[in-house]
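Take a look at the structure below.
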Amino acid sequence: MSELHPHQKNLLNFISLDMKEQEERYGAKGAEGFKHLKSLGVMLHPINVVRKTFGYADYPEISFKLPYATDTSAFRDSSAIECVIDGEESVKGILLSLDGKKGMVRLYAPDFPDWIEDRGVGLKLAPDHFTSEVMKNAVKQIDERPEMSKLFGMIHGESKFGSLIESDAQLEFQNDQLNESQRSAVNGILESEGLTILHGPPGTGKTTTLIEGIIQLIKQGKRILVTAPSNAAVDNVAKGLLKYEVNILRVGNTSKVDDAIFPHTLEGRMKESKENKEIKKLKIRAEELRRMSYQYKRNFGKAEREQRRALMQEVKRIRKEIKDIREYSADKCFKEADVVLGTPIGIHNALQKDAEFDVVFMDEAGQAIEPLAWVVFPFAENWVLAGDPFQLPPTVLSNDAARKGFDVSILEQCFKQSENIHFLDTQYRMRASIAQFSNDYFYEGELKTPSNQADNASHVLFYDTAGTGFEEKAGEDGRSLTNEGELEIIQKIIEANNWSEHEVGFISPYAGQVQLAKGMLPETIKVSTVDSFQGQEMPVIIVSLVRSNEDGNIGFLKDYRRMNVALTRAKEQLVVIGDSSTIGLDKFYDQFLKFAETIEGYQSAWEFIT
């Protein structure tokens, strides 16, 4: 292997730093360790196991409930986890889903541990060594393929690459509602070679444009691979393609997919197949063998131990046979599909290394760390990155790695060098004044709002809590901040405006405030962290800034991209509540406060204090 590029070495170092942080953060054991992990928000303890099944490839799966409300924001679908109980060896697995207090986990074990339904069972996040190794290998192999090495050199070179293409081609658009910038972007996707960037600010129809581009490429006989850092983003594109009856195949963690998508997963495609009937027979046999082995669980004589080992070895062999049958069926499904969709790791697990596509699309590329892109880039020689570098960045645990640039997404890296960028210039989500501040601050005033979205009332309100004594406090976990006073004011604002609670969303950058809000606000109000709300919208959005202190310390409110997301979720009414004496010392928030004053949206929280 040739000498690695300095940036390749940096990426490998960043991956190692992030893995080291995972190992340190998730490594505590025993009763005291569990308490510490719970305080960090990386352990759910205890859980109540409500159902046991043998699922995909005959792996044991548990459904569970949380008997309490807690911050679960660190637990994302497909997170590596360990199922634990004090005094026993943990069992590794993967989090399939977690919605509110209900979740599902797949265990990487031949059977359920004896203690799985005992009191004191918990789930903790675990270092994701598998993803780490996949990314490292992808980075190391960049220079093994000329087109990858060339692309890497362009992204990290000193000169601009690519060019904007003017086209006279008259496409027959599937969606006749596309605006001029969207049509231009679709033309650019079709006529560009190499790398194309679709820059979609909030509400500009980025996914709609992507879907049109994919459909036009399919018309040309192209095979498409679609990926995104999250399952939710992948499913969003999948549902859009299904509306046009595109032949898709969704791979990866599909335990929580929409009912409309399930028939287009490998499991869904195989449901009525002869291969699935064979798998059912094998699963029944495996269950019989496991049942036979149970009689030896509590009997530890040598002969019994050997007998149980033999039975479980046969279960393991059957599991391998099931996997082989699935892979054979999967190969047929891949060949038939026009579009394959999955997260980068889901695609890596599902595809053969030599699989070939004409174009790789990566949606929400602004949230993808660079190594994830190199996992999927080798499957094609043309790539489309879609996203917005002014919204949420990738999640990086290691502060050291983040400071050195690991939180710079693949989209940001390409933005620096590429001239083949298509900007979607019209937003359809928000009233004009809701879009105005972000438009001026992040998009140089280039974002247009249609006339039917013009203001007809006061659509942006800032409620100032300065002087009220509503100061920030550490949450119950001692970790994330809360501000109960802000929530009390918010309750009164909702009552005073008589909004339908189903149309109101509450978001805050602080997980502690979100947890507190879930207990104080009506259950029908959607309550979420900013990070969990990207890509979503509601008629009314209330943003709680939380920070209120004498030092003017605003912590990670300093991440203005996160605030750009928060300020652009509302369609009709945006309400922001915070302490001007704390946040106003910062240039960004000072500009926002002045903006609120110019549109007569500045209000004092005192009017709700009796």
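A note on labels: chains of the structure tokens are A, B, ... as shown, every chain counts residues from 1, and ligands are counted from 1 in their shown order.
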Per residue of stretch 52-162 of chain A within 7 Å of stretch 16-36 of chain A, which atom pair is closest and at what distance in Å (one decimal), using only C-alpha atoms, listed by chain and increasing number, as a tab-separated table?
residue	atom	partner	partner_atom	distance
A:Asp86	CA	A:Gly30	CA	5.5
A:Leu125	CA	A:Tyr26	CA	6.2
A:Ala126	CA	A:Tyr26	CA	5.8
A:Pro127	CA	A:Gln22	CA	5.1
Dump of N, CA and C atoms for the selected residues, as a PDB file, in the first residue's frame:
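That gives us result_4.pdb:
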ATOM      1  N   ASP A  86     -26.020  -6.431  37.134  1.00  0.00           N
ATOM      2  CA  ASP A  86     -24.871  -6.472  38.044  1.00  0.00           C
ATOM      3  C   ASP A  86     -24.483  -7.913  38.384  1.00  0.00           C
ATOM      4  N   LEU A 125     -25.214   2.172  26.317  1.00  0.00           N
ATOM      5  CA  LEU A 125     -24.528   2.333  25.041  1.00  0.00           C
ATOM      6  C   LEU A 125     -23.163   1.673  25.118  1.00  0.00           C
ATOM      7  N   ALA A 126     -22.720   1.128  24.005  1.00  0.00           N
ATOM      8  CA  ALA A 126     -21.440   0.422  23.960  1.00  0.00           C
ATOM      9  C   ALA A 126     -20.579   1.007  22.847  1.00  0.00           C
ATOM     10  N   PRO A 127     -19.275   0.907  22.969  1.00  0.00           N
ATOM     11  CA  PRO A 127     -18.400   1.372  21.884  1.00  0.00           C
ATOM     12  C   PRO A 127     -18.732   0.626  20.593  1.00  0.00           C
TER      13      PRO A 127
END
Those of stretch 281-499 of chain A in DSSP helix (DSSP H, G or I), formatted as a PyMOL selection string: chain A and resi 281-294+302-336+344-350+365-367+370-379+399-403+410-417+432-442+451-453+484-497
Atom CA of A:Leu481 to atom CA of A:Ala517, straight-line distance in Å: 12.1 Å
Residue neighbourhood stretch 377-392 of chain A, 7 Å, only C-alpha atoms, exclusion window fewer than 3 positions, as a VMD selection string: chain A and resid 147 to 148 193 to 201 355 to 367 373 to 374 411 to 412 442 561 to 562 564 to 565
Within 10 Å of A:Leu171 using only C-alpha atoms, minus same-chain residues under 5 positions, as a PyMOL selection string: chain A and resi 183+186-187+216
Best match for closeness to A:Ile554 among A:Asp531, A:Asp455, A:Glu472, A:Asp400, counting only C-alpha atoms: A:Glu472
Secondary structure check, strand (DSSP E or B) residues of stretch 173-236 of chain A, as number ranges by chain: A: 195-199, 224-227
Take the residues just selected and output them with N, CA and C atoms as a PDB file, in the first residue's frame.
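Written output follows (part-v4.pdb):
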ATOM      1  N   LEU A 195     -18.900  14.823  -9.025  1.00  0.00           N
ATOM      2  CA  LEU A 195     -19.591  15.246  -7.806  1.00  0.00           C
ATOM      3  C   LEU A 195     -20.505  16.441  -8.049  1.00  0.00           C
ATOM      4  N   THR A 196     -21.759  16.332  -7.592  1.00  0.00           N
ATOM      5  CA  THR A 196     -22.741  17.413  -7.662  1.00  0.00           C
ATOM      6  C   THR A 196     -23.270  17.686  -6.264  1.00  0.00           C
ATOM      7  N   ILE A 197     -23.448  18.961  -5.940  1.00  0.00           N
ATOM      8  CA  ILE A 197     -23.965  19.330  -4.615  1.00  0.00           C
ATOM      9  C   ILE A 197     -25.311  20.018  -4.763  1.00  0.00           C
ATOM     10  N   LEU A 198     -26.285  19.556  -3.997  1.00  0.00           N
ATOM     11  CA  LEU A 198     -27.611  20.166  -3.942  1.00  0.00           C
ATOM     12  C   LEU A 198     -27.734  20.860  -2.587  1.00  0.00           C
ATOM     13  N   HIS A 199     -27.701  22.194  -2.604  1.00  0.00           N
ATOM     14  CA  HIS A 199     -27.767  22.976  -1.365  1.00  0.00           C
ATOM     15  C   HIS A 199     -29.223  23.365  -1.113  1.00  0.00           C
ATOM     16  N   ILE A 224     -29.426   3.322  -9.035  1.00  0.00           N
ATOM     17  CA  ILE A 224     -29.173   4.360  -8.038  1.00  0.00           C
ATOM     18  C   ILE A 224     -29.016   3.758  -6.650  1.00  0.00           C
ATOM     19  N   LEU A 225     -28.058   4.294  -5.899  1.00  0.00           N
ATOM     20  CA  LEU A 225     -27.875   3.955  -4.482  1.00  0.00           C
ATOM     21  C   LEU A 225     -28.139   5.212  -3.669  1.00  0.00           C
ATOM     22  N   VAL A 226     -29.058   5.127  -2.704  1.00  0.00           N
ATOM     23  CA  VAL A 226     -29.414   6.285  -1.872  1.00  0.00           C
ATOM     24  C   VAL A 226     -29.033   6.002  -0.429  1.00  0.00           C
ATOM     25  N   THR A 227     -28.373   6.966   0.198  1.00  0.00           N
ATOM     26  CA  THR A 227     -27.975   6.800   1.591  1.00  0.00           C
ATOM     27  C   THR A 227     -28.166   8.101   2.354  1.00  0.00           C
TER      28      THR A 227
END
Which residues of stretch 479-578 of chain A have any atom within 7 Å of an atom in stretch 429-437 of chain A when counting only C-alpha atoms, and what is the closest pair of atoms for each, with the distance in Å to one decimal? Order the rows by chain and rising number and write it as a tab-separated table.
residue	atom	partner	partner_atom	distance
A:Thr568	CA	A:Ala435	CA	6.6
A:Ala570	CA	A:Met430	CA	6.3
A:Lys571	CA	A:Met430	CA	4.3
A:Glu572	CA	A:Arg431	CA	6.0
A:Leu574	CA	A:Ile434	CA	6.7
Can I get the selection written as an mmCIF file, in the first residue's frame, with all heavy atoms?
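Listed below is the output, again36.cif:
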data_model
loop_
_atom_site.group_PDB
_atom_site.id
_atom_site.type_symbol
_atom_site.label_atom_id
_atom_site.label_comp_id
_atom_site.auth_asym_id
_atom_site.auth_seq_id
_atom_site.Cartn_x
_atom_site.Cartn_y
_atom_site.Cartn_z
ATOM 1 N N THR A 568 -36.282 27.654 12.195
ATOM 2 C CA THR A 568 -36.894 27.454 10.868
ATOM 3 C C THR A 568 -37.820 26.231 10.826
ATOM 4 O O THR A 568 -38.014 25.631 9.774
ATOM 5 C CB THR A 568 -35.798 27.311 9.788
ATOM 6 O OG1 THR A 568 -34.888 26.253 10.167
ATOM 7 C CG2 THR A 568 -35.024 28.605 9.614
ATOM 8 N N ALA A 570 -41.047 26.434 12.285
ATOM 9 C CA ALA A 570 -42.432 26.915 12.376
ATOM 10 C C ALA A 570 -42.967 27.331 11.014
ATOM 11 O O ALA A 570 -42.270 27.965 10.226
ATOM 12 C CB ALA A 570 -42.516 28.085 13.346
ATOM 13 N N LYS A 571 -44.237 27.005 10.765
ATOM 14 C CA LYS A 571 -44.880 27.429 9.518
ATOM 15 C C LYS A 571 -45.632 28.757 9.701
ATOM 16 O O LYS A 571 -45.568 29.631 8.842
ATOM 17 C CB LYS A 571 -45.844 26.343 9.037
ATOM 18 C CG LYS A 571 -45.134 25.044 8.660
ATOM 19 C CD LYS A 571 -46.033 24.121 7.860
ATOM 20 C CE LYS A 571 -47.090 23.471 8.711
ATOM 21 N NZ LYS A 571 -47.877 22.457 7.945
ATOM 22 N N GLU A 572 -46.348 28.895 10.826
ATOM 23 C CA GLU A 572 -47.187 30.077 11.029
ATOM 24 C C GLU A 572 -46.722 30.979 12.169
ATOM 25 O O GLU A 572 -46.831 32.193 12.085
ATOM 26 C CB GLU A 572 -48.636 29.642 11.292
ATOM 27 C CG GLU A 572 -49.354 29.079 10.078
ATOM 28 C CD GLU A 572 -49.651 30.152 9.044
ATOM 29 O OE1 GLU A 572 -49.856 31.315 9.418
ATOM 30 O OE2 GLU A 572 -49.671 29.815 7.841
ATOM 31 N N LEU A 574 -43.655 31.495 15.245
ATOM 32 C CA LEU A 574 -42.424 31.174 15.972
ATOM 33 C C LEU A 574 -42.397 31.982 17.263
ATOM 34 O O LEU A 574 -42.518 33.211 17.243
ATOM 35 C CB LEU A 574 -41.195 31.502 15.127
ATOM 36 C CG LEU A 574 -39.833 31.401 15.836
ATOM 37 C CD1 LEU A 574 -39.529 29.949 16.222
ATOM 38 C CD2 LEU A 574 -38.719 31.968 14.958
#
Contact residues around A:Tyr463 with only C-alpha atoms at 12 Å, ignoring same-chain residues under 5 positions, as a ChimeraX atom specification: /A:468,486-487,489-490,492-493,542-545,574-580,593,596-597,600-608
Contacts of A:Glu501 at 9 Å (only C-alpha atoms; same-chain gap of 5+ positions) as a list in words: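 Within the cut-off, the hits are Ile494, Pro522, Glu523, Thr524, Ile525 and Lys526 of chain A.
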Proximity to A:Ala310 - best of A:Lys101, A:Lys323, A:Lys353, A:Arg290, only C-alpha atoms: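 Closest candidate: A:Arg290.
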Close residues, A:Leu557 itself excluded, 10 Å, only C-alpha atoms, min 4 positions apart in chain, as a count of residues only: 13
Distance criterion (only C-alpha atoms): nearest to A:Arg319 out of A:Glu419, A:Glu287, A:Glu370, A:Glu267: A:Glu287
